[in-house]
Structure formats: structure tokens, C-alpha cells
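Novice: Supplied structure: final-v8.cif, mmCIF, N, CA and C atoms.
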```
data_my_file
#
loop_
_atom_site.label_atom_id
_atom_site.label_comp_id
_atom_site.auth_asym_id
_atom_site.auth_seq_id
_atom_site.Cartn_x
_atom_site.Cartn_y
_atom_site.Cartn_z
N MET A 693 101.82 114.27 81.02
CA MET A 693 100.76 114.87 81.82
C MET A 693 99.76 115.52 80.87
N ALA A 694 98.54 115.24 81.11
CA ALA A 694 97.48 115.82 80.29
C ALA A 694 96.70 116.85 81.09
N PHE A 695 96.33 117.93 80.43
CA PHE A 695 95.42 118.87 81.05
C PHE A 695 94.37 119.21 80.02
N PRO A 696 93.12 119.16 80.28
CA PRO A 696 92.59 118.87 81.61
C PRO A 696 92.91 117.45 82.04
N PHE A 697 92.92 117.25 83.34
CA PHE A 697 93.25 115.95 83.90
C PHE A 697 92.20 114.93 83.48
N LYS A 698 92.64 113.79 82.96
CA LYS A 698 91.72 112.76 82.49
C LYS A 698 91.73 111.52 83.38
N THR A 699 92.81 111.30 84.12
CA THR A 699 92.90 110.16 85.02
C THR A 699 93.43 110.65 86.36
N ILE A 700 92.60 110.55 87.39
CA ILE A 700 92.95 111.06 88.72
C ILE A 700 93.04 109.89 89.70
N LEU A 701 94.22 109.74 90.29
CA LEU A 701 94.45 108.69 91.29
C LEU A 701 94.23 109.27 92.68
N VAL A 702 93.42 108.58 93.48
CA VAL A 702 93.13 109.04 94.84
C VAL A 702 93.45 107.91 95.82
N PRO A 703 94.61 107.99 96.50
CA PRO A 703 94.90 107.01 97.55
C PRO A 703 93.96 107.25 98.73
N ILE A 704 93.32 106.20 99.19
CA ILE A 704 92.34 106.28 100.28
C ILE A 704 92.82 105.41 101.42
N ASP A 705 92.87 105.98 102.63
CA ASP A 705 93.18 105.14 103.78
C ASP A 705 92.00 105.03 104.74
N LEU A 706 90.82 105.34 104.21
CA LEU A 706 89.56 105.14 104.92
C LEU A 706 89.47 105.92 106.22
N ASP A 707 90.00 107.14 106.24
CA ASP A 707 89.85 108.02 107.39
C ASP A 707 89.32 109.36 106.92
N ASP A 708 89.07 110.27 107.86
CA ASP A 708 88.51 111.57 107.51
C ASP A 708 89.43 112.39 106.61
N MET A 709 90.73 112.23 106.78
CA MET A 709 91.68 112.97 105.96
C MET A 709 91.52 112.60 104.49
N SER A 710 91.42 111.32 104.20
CA SER A 710 91.30 110.94 102.80
C SER A 710 89.92 111.28 102.25
N ASN A 711 88.92 111.40 103.11
CA ASN A 711 87.59 111.84 102.66
C ASN A 711 87.65 113.26 102.12
N ALA A 712 88.42 114.12 102.76
CA ALA A 712 88.56 115.50 102.28
C ALA A 712 89.23 115.52 100.91
N ALA A 713 90.24 114.69 100.70
CA ALA A 713 90.91 114.60 99.41
C ALA A 713 89.96 114.04 98.35
N LEU A 714 89.15 113.06 98.74
CA LEU A 714 88.21 112.46 97.81
C LEU A 714 87.18 113.50 97.33
N GLU A 715 86.69 114.33 98.24
CA GLU A 715 85.72 115.36 97.86
C GLU A 715 86.28 116.28 96.78
N ILE A 716 87.52 116.69 96.94
CA ILE A 716 88.15 117.57 95.96
C ILE A 716 88.37 116.82 94.65
N ALA A 717 88.81 115.57 94.73
CA ALA A 717 89.04 114.78 93.52
C ALA A 717 87.75 114.57 92.74
N VAL A 718 86.65 114.37 93.45
CA VAL A 718 85.35 114.19 92.78
C VAL A 718 84.99 115.46 92.01
N LYS A 719 85.19 116.62 92.61
CA LYS A 719 84.90 117.88 91.93
C LYS A 719 85.76 118.04 90.68
N LEU A 720 87.04 117.72 90.81
CA LEU A 720 87.94 117.81 89.65
C LEU A 720 87.54 116.83 88.56
N ALA A 721 87.16 115.62 88.96
CA ALA A 721 86.75 114.61 87.98
C ALA A 721 85.50 115.06 87.24
N ARG A 722 84.56 115.63 87.95
CA ARG A 722 83.33 116.10 87.30
C ARG A 722 83.64 117.27 86.34
N GLN A 723 84.50 118.19 86.77
CA GLN A 723 84.85 119.34 85.93
C GLN A 723 85.58 118.93 84.65
N ASN A 724 86.37 117.87 84.73
CA ASN A 724 87.22 117.46 83.63
C ASN A 724 86.74 116.20 82.91
N GLN A 725 85.57 115.67 83.32
CA GLN A 725 85.09 114.39 82.81
C GLN A 725 86.20 113.34 82.89
N ALA A 726 86.83 113.30 84.04
CA ALA A 726 87.98 112.42 84.25
C ALA A 726 87.57 111.08 84.85
N LYS A 727 88.41 110.11 84.64
CA LYS A 727 88.27 108.80 85.28
C LYS A 727 88.97 108.87 86.63
N MET A 728 88.35 108.28 87.66
CA MET A 728 88.97 108.25 88.98
C MET A 728 89.45 106.85 89.30
N LEU A 729 90.61 106.80 89.91
CA LEU A 729 91.18 105.56 90.39
C LEU A 729 91.27 105.64 91.90
N LEU A 730 90.51 104.82 92.61
CA LEU A 730 90.58 104.77 94.07
C LEU A 730 91.56 103.68 94.45
N LEU A 731 92.55 104.03 95.26
CA LEU A 731 93.60 103.08 95.64
C LEU A 731 93.69 102.95 97.15
N TYR A 732 93.69 101.71 97.62
CA TYR A 732 93.97 101.43 99.03
C TYR A 732 95.21 100.56 99.08
N VAL A 733 96.15 100.93 99.95
CA VAL A 733 97.37 100.16 100.11
C VAL A 733 97.36 99.48 101.47
N VAL A 734 97.40 98.15 101.45
CA VAL A 734 97.54 97.38 102.68
C VAL A 734 99.03 97.42 103.01
N THR A 735 99.36 98.05 104.12
CA THR A 735 100.76 98.22 104.48
C THR A 735 101.34 96.90 104.97
N LEU A 736 102.38 96.47 104.28
CA LEU A 736 103.08 95.25 104.64
C LEU A 736 104.30 95.64 105.46
N PRO A 737 104.40 95.15 106.70
CA PRO A 737 105.56 95.50 107.51
C PRO A 737 106.86 95.07 106.82
N PRO A 738 107.91 95.88 106.94
CA PRO A 738 109.16 95.57 106.24
C PRO A 738 109.74 94.21 106.63
N THR A 739 109.42 93.73 107.81
CA THR A 739 109.98 92.46 108.28
C THR A 739 109.04 91.28 108.03
N ALA A 740 107.98 91.50 107.29
CA ALA A 740 106.99 90.44 107.07
C ALA A 740 107.59 89.29 106.26
N GLU A 741 107.32 88.10 106.72
CA GLU A 741 107.73 86.90 106.01
C GLU A 741 106.86 86.73 104.77
N PRO A 742 107.40 86.18 103.69
CA PRO A 742 106.58 85.95 102.50
C PRO A 742 105.34 85.09 102.79
N THR A 743 105.42 84.22 103.78
CA THR A 743 104.28 83.37 104.11
C THR A 743 103.13 84.16 104.74
N LEU A 744 103.42 85.36 105.25
CA LEU A 744 102.38 86.18 105.88
C LEU A 744 101.59 87.01 104.87
N VAL A 745 102.02 87.05 103.64
CA VAL A 745 101.33 87.86 102.64
C VAL A 745 99.87 87.44 102.53
N ASP A 746 99.59 86.15 102.65
CA ASP A 746 98.20 85.67 102.57
C ASP A 746 97.33 86.27 103.68
N VAL A 747 97.91 86.51 104.85
CA VAL A 747 97.17 87.13 105.95
C VAL A 747 96.72 88.52 105.53
N PHE A 748 97.60 89.23 104.83
CA PHE A 748 97.29 90.59 104.41
C PHE A 748 96.31 90.62 103.24
N ARG A 749 96.20 89.52 102.50
CA ARG A 749 95.24 89.46 101.39
C ARG A 749 93.81 89.62 101.90
N GLY A 750 93.53 89.11 103.12
CA GLY A 750 92.20 89.30 103.72
C GLY A 750 91.91 90.77 103.93
N GLN A 751 92.90 91.52 104.37
CA GLN A 751 92.74 92.96 104.54
C GLN A 751 92.51 93.64 103.19
N GLU A 752 93.15 93.12 102.17
CA GLU A 752 93.00 93.68 100.83
C GLU A 752 91.57 93.50 100.33
N GLU A 753 90.99 92.33 100.57
CA GLU A 753 89.61 92.08 100.16
C GLU A 753 88.63 92.98 100.92
N GLU A 754 88.86 93.16 102.20
CA GLU A 754 88.02 94.04 103.01
C GLU A 754 88.12 95.48 102.50
N ALA A 755 89.32 95.90 102.17
CA ALA A 755 89.52 97.25 101.65
C ALA A 755 88.79 97.42 100.32
N ARG A 756 88.84 96.41 99.47
CA ARG A 756 88.15 96.48 98.17
C ARG A 756 86.65 96.66 98.38
N LYS A 757 86.08 95.95 99.37
CA LYS A 757 84.65 96.10 99.66
C LYS A 757 84.34 97.53 100.11
N ASN A 758 85.20 98.08 100.97
CA ASN A 758 85.00 99.46 101.43
C ASN A 758 85.11 100.46 100.29
N LEU A 759 86.07 100.26 99.40
CA LEU A 759 86.22 101.16 98.26
C LEU A 759 85.04 101.05 97.31
N ASP A 760 84.54 99.84 97.10
CA ASP A 760 83.36 99.66 96.26
C ASP A 760 82.17 100.43 96.83
N LYS A 761 82.02 100.39 98.15
CA LYS A 761 80.93 101.11 98.81
C LYS A 761 81.09 102.63 98.62
N ILE A 762 82.31 103.11 98.81
CA ILE A 762 82.58 104.54 98.61
C ILE A 762 82.26 104.93 97.17
N ALA A 763 82.66 104.12 96.23
CA ALA A 763 82.41 104.41 94.82
C ALA A 763 80.91 104.46 94.53
N ARG A 764 80.15 103.51 95.07
CA ARG A 764 78.70 103.51 94.86
C ARG A 764 78.05 104.76 95.43
N GLU A 765 78.52 105.20 96.60
CA GLU A 765 77.90 106.32 97.29
C GLU A 765 78.34 107.68 96.76
N GLN A 766 79.58 107.81 96.30
CA GLN A 766 80.11 109.13 95.99
C GLN A 766 80.53 109.36 94.54
N LEU A 767 80.58 108.32 93.75
CA LEU A 767 81.11 108.48 92.39
C LEU A 767 80.08 108.22 91.30
N GLN A 768 78.80 108.43 91.62
CA GLN A 768 77.77 108.22 90.60
C GLN A 768 78.06 109.13 89.41
N GLY A 769 78.02 108.52 88.22
CA GLY A 769 78.23 109.28 87.00
C GLY A 769 79.69 109.52 86.65
N ILE A 770 80.61 109.05 87.47
CA ILE A 770 82.04 109.21 87.21
C ILE A 770 82.61 107.83 86.87
N GLU A 771 83.30 107.75 85.75
CA GLU A 771 83.99 106.50 85.42
C GLU A 771 85.07 106.29 86.48
N HIS A 772 85.16 105.08 87.00
CA HIS A 772 86.13 104.83 88.06
C HIS A 772 86.60 103.38 88.07
N LYS A 773 87.67 103.18 88.80
CA LYS A 773 88.22 101.85 88.99
C LYS A 773 88.74 101.77 90.42
N VAL A 774 88.54 100.62 91.05
CA VAL A 774 89.01 100.38 92.41
C VAL A 774 90.29 99.54 92.33
N LEU A 775 91.32 100.01 93.02
CA LEU A 775 92.61 99.31 93.02
C LEU A 775 93.04 99.04 94.45
N THR A 776 93.67 97.90 94.67
CA THR A 776 94.30 97.62 95.96
C THR A 776 95.71 97.12 95.70
N GLU A 777 96.59 97.41 96.64
CA GLU A 777 97.98 96.98 96.57
C GLU A 777 98.39 96.54 97.97
N VAL A 778 99.39 95.69 98.03
CA VAL A 778 99.99 95.29 99.29
C VAL A 778 101.45 95.71 99.23
N GLY A 779 101.91 96.46 100.24
CA GLY A 779 103.31 96.88 100.26
C GLY A 779 103.50 98.20 100.97
N ALA A 780 104.60 98.86 100.64
CA ALA A 780 104.91 100.17 101.22
C ALA A 780 104.03 101.21 100.53
N PRO A 781 103.31 102.04 101.29
CA PRO A 781 102.34 102.96 100.69
C PRO A 781 102.89 103.87 99.60
N ALA A 782 103.98 104.57 99.85
CA ALA A 782 104.49 105.51 98.85
C ALA A 782 104.87 104.80 97.56
N LYS A 783 105.57 103.70 97.69
CA LYS A 783 105.98 102.96 96.49
C LYS A 783 104.77 102.43 95.73
N ALA A 784 103.77 101.95 96.45
CA ALA A 784 102.57 101.42 95.80
C ALA A 784 101.80 102.53 95.07
N ILE A 785 101.74 103.71 95.66
CA ILE A 785 101.05 104.84 95.03
C ILE A 785 101.77 105.24 93.75
N VAL A 786 103.08 105.35 93.80
CA VAL A 786 103.86 105.73 92.62
C VAL A 786 103.73 104.67 91.53
N ARG A 787 103.80 103.39 91.93
CA ARG A 787 103.64 102.29 90.96
C ARG A 787 102.28 102.37 90.26
N ALA A 788 101.23 102.58 91.05
CA ALA A 788 99.88 102.66 90.49
C ALA A 788 99.75 103.86 89.55
N ALA A 789 100.33 105.00 89.92
CA ALA A 789 100.28 106.19 89.07
C ALA A 789 100.96 105.92 87.73
N GLN A 790 102.09 105.24 87.77
CA GLN A 790 102.81 104.91 86.53
C GLN A 790 102.02 103.91 85.70
N ARG A 791 101.58 102.84 86.33
CA ARG A 791 100.89 101.75 85.63
C ARG A 791 99.58 102.23 85.00
N MET A 792 98.84 103.07 85.71
CA MET A 792 97.53 103.52 85.24
C MET A 792 97.61 104.84 84.47
N GLU A 793 98.82 105.36 84.30
CA GLU A 793 99.06 106.60 83.57
C GLU A 793 98.22 107.76 84.11
N ALA A 794 98.30 107.93 85.43
CA ALA A 794 97.56 109.00 86.09
C ALA A 794 98.11 110.36 85.67
N ASP A 795 97.19 111.31 85.49
CA ASP A 795 97.56 112.69 85.18
C ASP A 795 97.71 113.53 86.44
N LEU A 796 97.10 113.04 87.52
CA LEU A 796 97.08 113.79 88.78
C LEU A 796 96.85 112.81 89.92
N ILE A 797 97.53 113.05 91.04
CA ILE A 797 97.26 112.32 92.28
C ILE A 797 96.69 113.33 93.26
N VAL A 798 95.56 113.01 93.86
CA VAL A 798 94.98 113.86 94.90
C VAL A 798 95.02 113.03 96.18
N MET A 799 95.79 113.51 97.16
CA MET A 799 95.93 112.72 98.38
C MET A 799 95.98 113.59 99.62
N ALA A 800 95.59 112.98 100.72
CA ALA A 800 95.60 113.67 102.01
C ALA A 800 97.02 113.71 102.56
N THR A 801 97.27 114.74 103.33
CA THR A 801 98.51 114.81 104.07
C THR A 801 98.16 115.12 105.52
N HIS A 802 98.87 114.51 106.42
CA HIS A 802 98.59 114.68 107.85
C HIS A 802 99.24 115.93 108.42
N GLY A 803 100.21 116.50 107.69
CA GLY A 803 100.84 117.72 108.15
C GLY A 803 101.69 117.53 109.39
N ARG A 804 102.29 116.34 109.51
CA ARG A 804 103.15 116.10 110.68
C ARG A 804 104.37 117.00 110.62
N LYS A 805 104.87 117.34 111.81
CA LYS A 805 106.06 118.17 111.91
C LYS A 805 106.97 117.59 112.96
N GLY A 806 108.21 118.02 112.91
CA GLY A 806 109.16 117.69 113.94
C GLY A 806 109.45 116.21 114.09
N LEU A 807 109.47 115.75 115.34
CA LEU A 807 109.88 114.39 115.65
C LEU A 807 108.95 113.35 115.04
N SER A 808 107.63 113.59 115.07
CA SER A 808 106.71 112.59 114.51
C SER A 808 106.95 112.42 113.01
N ARG A 809 107.26 113.51 112.31
CA ARG A 809 107.54 113.40 110.87
C ARG A 809 108.84 112.66 110.64
N MET A 810 109.83 112.95 111.50
CA MET A 810 111.13 112.30 111.35
C MET A 810 111.00 110.79 111.61
N LEU A 811 110.24 110.43 112.61
CA LEU A 811 110.09 109.02 112.96
C LEU A 811 109.16 108.27 112.02
N LEU A 812 108.04 108.89 111.66
CA LEU A 812 107.03 108.22 110.85
C LEU A 812 107.25 108.43 109.35
N GLY A 813 108.00 109.48 109.01
CA GLY A 813 108.18 109.78 107.60
C GLY A 813 106.93 110.40 107.02
N SER A 814 107.01 110.73 105.78
CA SER A 814 105.86 111.33 105.13
C SER A 814 105.63 110.61 103.81
N VAL A 815 104.53 109.86 103.75
CA VAL A 815 104.18 109.17 102.52
C VAL A 815 104.00 110.20 101.41
N THR A 816 103.34 111.30 101.72
CA THR A 816 103.11 112.34 100.72
C THR A 816 104.42 112.87 100.16
N GLU A 817 105.36 113.14 101.04
CA GLU A 817 106.65 113.66 100.58
C GLU A 817 107.37 112.65 99.68
N MET A 818 107.32 111.37 100.05
CA MET A 818 107.95 110.35 99.22
C MET A 818 107.28 110.26 97.84
N VAL A 819 105.96 110.36 97.83
CA VAL A 819 105.23 110.33 96.56
C VAL A 819 105.61 111.55 95.72
N LEU A 820 105.67 112.72 96.33
CA LEU A 820 106.05 113.94 95.61
C LEU A 820 107.41 113.80 94.93
N ARG A 821 108.34 113.15 95.62
CA ARG A 821 109.69 112.99 95.07
C ARG A 821 109.75 112.02 93.90
N GLU A 822 108.90 111.00 93.90
CA GLU A 822 109.05 109.91 92.95
C GLU A 822 108.01 109.85 91.83
N THR A 823 106.89 110.50 91.97
CA THR A 823 105.79 110.33 91.03
C THR A 823 106.04 111.02 89.69
N PRO A 824 105.47 110.46 88.64
CA PRO A 824 105.64 111.05 87.32
C PRO A 824 104.62 112.15 86.98
N CYS A 825 103.72 112.45 87.92
CA CYS A 825 102.65 113.41 87.62
C CYS A 825 102.48 114.39 88.79
N PRO A 826 101.72 115.46 88.60
CA PRO A 826 101.48 116.40 89.68
C PRO A 826 100.71 115.74 90.84
N VAL A 827 100.93 116.28 92.03
CA VAL A 827 100.26 115.79 93.24
C VAL A 827 99.58 116.97 93.92
N LEU A 828 98.29 116.82 94.17
CA LEU A 828 97.54 117.82 94.92
C LEU A 828 97.40 117.27 96.34
N CYS A 829 98.03 117.98 97.29
CA CYS A 829 98.00 117.55 98.69
C CYS A 829 96.88 118.29 99.41
N VAL A 830 96.03 117.53 100.11
CA VAL A 830 94.89 118.10 100.80
C VAL A 830 95.11 117.91 102.29
N ARG A 831 95.08 119.02 102.99
CA ARG A 831 95.23 118.98 104.45
C ARG A 831 93.92 119.43 105.06
N GLN A 832 93.35 118.56 105.87
CA GLN A 832 92.06 118.85 106.48
C GLN A 832 92.22 119.93 107.56
N GLU A 833 91.23 120.80 107.63
CA GLU A 833 91.23 121.83 108.68
C GLU A 833 91.26 121.16 110.04
N GLN A 834 92.01 121.77 110.96
CA GLN A 834 92.11 121.18 112.30
C GLN A 834 91.36 121.98 113.31
#
```
What would you get if you wrote out this structure as C-alpha cells?

Specialist:
Amino acid sequence: MAFPFKTILVPIDLDDMSNAALEIAVKLARQNQAKMLLLYVVTLPPTAEPTLVDVFRGQEEEARKNLDKIAREQLQGIEHKVLTEVGAPAKAIVRAAQRMEADLIVMATHGRKGLSRMLLGSVTEMVLRETPCPVLCVRQEQ
């Protein structure tokens, strides 16, 4: 882990929650002259047949276009890279952090509690348990 942070990974799921995390990550990147990695994970259902992976590749291309647009609009002057993965979100985020040697992950958390958390799980919690670097969790005001 390096400080100041030089490589910041920001998982984006293209909703308002991840926008709040992105805003904070941009500020940190500017303060530290850090490189930003924008990551979108196309969630592959656990029961998906290998032949269906091509169907999800279309979603991956669409996500890449959306991330490129976000980068053009919000990351001027910041070195960045757009990444996409297909698979389980938490595992894909941890893999990307390891592969890209991220110093920090900045990600949104939905703040689920009780039954919804038990049933849906928490991607953030899984990332916290497995990642090799610090994680800054951003919870949007409700």
C-alpha cells in the first residue's frame, strides 16, 4: 500500500450511489496526483451456461461506452483507465485491485440491513474481507 494513494480503483454500477463514490475518488486523485481505474462488472448469474457469456459481452461493451463518457466528463486532467469484467462483482473487484496494484478502492455501499442484507449479501463487505488494499466506503445521504 502506498501513501499518498497513487492508484485508485472505483467500481461503478452506473447509479447515483456510485456517482457519490466517484466524486470523492476524483477529489482524492486530484489531491494525490493519482491514476484512477474505473471498473464496471457485468454480473454473470451463477447458473449461466458458458455459451451465454457472449450475450453478456454486449453488456460489457455498453458499459465500456458509459465509462468512457464518464471519464471524458469528469476525469479531465486525471490519468485513468477504463476496465470491465464479467463475473461475480466482489471477486471481480478484488481481482482488478490485485492485478492493477490498487492502493485504494473507493466504492459505494447501499447500507442494507436485516433480511435484505442477508438475502442479497453485501458486495462491499466481501470486498473488505478479501482485498489487499484499504477500502473507502461511501454511503449516499438518504

Novice: A:Ala784, A:Ile770, A:Val827, A:Val819: which is nearest A:Lys727, counting only C-alpha atoms?

Specialist: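 Ranked by minimum distance to A:Lys727, first place goes to A:Ile770.
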
Novice: Could you work out how far atom CA of A:Lys757 lies from atom CA of A:Gln723, giving the answer in Å with one decimal?

Specialist: 27.0 Å

Novice: Enumerate, as an NGL selection string, the residues matched when the PyMOL selection byres (((chain A and resi 732 and name CA) around 7) and name CA) is run on the file above.

Specialist: :A and (703-705 or 730-731 or 733-734 or 755 or 775-777)

Novice: Closest to A:Val798 among A:Val702, A:Met709, A:Leu720, A:Leu759, using only N, CA and C atoms?

Specialist: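 Of A:Val702, A:Met709, A:Leu720, A:Leu759, the one nearest A:Val798 is A:Val702, counting only N, CA and C atoms.
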
Novice: Expanded to explicit residues, what is the PyMOL selection byres (((chain A and resi 816 and name CA) around 10) and name CA) for this file, as a PyMOL selection string?

Specialist: chain A and resi 781-782+785+799-803+813-815+817-821+827-829

Novice: Would you compute the distance between atom CA of A:Leu736 and atom CA of A:Lys783? Give it in Å to one decimal.

Specialist: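 Between these atoms lies a distance of 11.6 Å.
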
Novice: One decimal, in Å: what's the spacing between atom CA of A:Thr699 and atom CA of A:Met728?

Specialist: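 Separation of atom CA of A:Thr699 and atom CA of A:Met728: 5.9 Å.
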
Novice: Could you find all residues in stretch 708-795 of chain A that DSSP calls helix (DSSP H, G or I) from the backbone, and write them as a ChimeraX atom specification?

Specialist: /A:708-724,742-766,781-791

Novice: Applied to the shown file, which residues does the PyMOL selection byres (((chain A and resi 717 and name CA) around 10) and name CA) return, written as a compact mmCIF listing (two decimals) with N, CA and C atoms, keeping the file's coordinate frame?

Specialist:
```txt
# COMPACT_ATOMS: atom_id res chain seq x y z
N ILE A 700 92.60 110.55 87.39
CA ILE A 700 92.95 111.06 88.72
C ILE A 700 93.04 109.89 89.70
N LEU A 701 94.22 109.74 90.29
CA LEU A 701 94.45 108.69 91.29
C LEU A 701 94.23 109.27 92.68
N VAL A 702 93.42 108.58 93.48
CA VAL A 702 93.13 109.04 94.84
C VAL A 702 93.45 107.91 95.82
N ASN A 711 88.92 111.40 103.11
CA ASN A 711 87.59 111.84 102.66
C ASN A 711 87.65 113.26 102.12
N ALA A 712 88.42 114.12 102.76
CA ALA A 712 88.56 115.50 102.28
C ALA A 712 89.23 115.52 100.91
N ALA A 713 90.24 114.69 100.70
CA ALA A 713 90.91 114.60 99.41
C ALA A 713 89.96 114.04 98.35
N LEU A 714 89.15 113.06 98.74
CA LEU A 714 88.21 112.46 97.81
C LEU A 714 87.18 113.50 97.33
N GLU A 715 86.69 114.33 98.24
CA GLU A 715 85.72 115.36 97.86
C GLU A 715 86.28 116.28 96.78
N ILE A 716 87.52 116.69 96.94
CA ILE A 716 88.15 117.57 95.96
C ILE A 716 88.37 116.82 94.65
N VAL A 718 86.65 114.37 93.45
CA VAL A 718 85.35 114.19 92.78
C VAL A 718 84.99 115.46 92.01
N LYS A 719 85.19 116.62 92.61
CA LYS A 719 84.90 117.88 91.93
C LYS A 719 85.76 118.04 90.68
N LEU A 720 87.04 117.72 90.81
CA LEU A 720 87.94 117.81 89.65
C LEU A 720 87.54 116.83 88.56
N ALA A 721 87.16 115.62 88.96
CA ALA A 721 86.75 114.61 87.98
C ALA A 721 85.50 115.06 87.24
N ARG A 722 84.56 115.63 87.95
CA ARG A 722 83.33 116.10 87.30
C ARG A 722 83.64 117.27 86.34
N GLN A 723 84.50 118.19 86.77
CA GLN A 723 84.85 119.34 85.93
C GLN A 723 85.58 118.93 84.65
N ALA A 726 86.83 113.30 84.04
CA ALA A 726 87.98 112.42 84.25
C ALA A 726 87.57 111.08 84.85
N MET A 728 88.35 108.28 87.66
CA MET A 728 88.97 108.25 88.98
C MET A 728 89.45 106.85 89.30
N LEU A 729 90.61 106.80 89.91
CA LEU A 729 91.18 105.56 90.39
C LEU A 729 91.27 105.64 91.90
N LEU A 796 97.10 113.04 87.52
CA LEU A 796 97.08 113.79 88.78
C LEU A 796 96.85 112.81 89.92
N ILE A 797 97.53 113.05 91.04
CA ILE A 797 97.26 112.32 92.28
C ILE A 797 96.69 113.33 93.26
N VAL A 798 95.56 113.01 93.86
CA VAL A 798 94.98 113.86 94.90
C VAL A 798 95.02 113.03 96.18
N MET A 799 95.79 113.51 97.16
CA MET A 799 95.93 112.72 98.38
C MET A 799 95.98 113.59 99.62
N LEU A 828 98.29 116.82 94.17
CA LEU A 828 97.54 117.82 94.92
C LEU A 828 97.40 117.27 96.34
N VAL A 830 96.03 117.53 100.11
CA VAL A 830 94.89 118.10 100.80
C VAL A 830 95.11 117.91 102.29
```

Novice: Of the candidates A:Thr823, A:Thr735, A:Gln725, A:Asn758, which one gets nearest to A:Ala789 if we count all atoms listed in the file?

Specialist: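 Smallest distance to A:Ala789 is found for A:Thr823.
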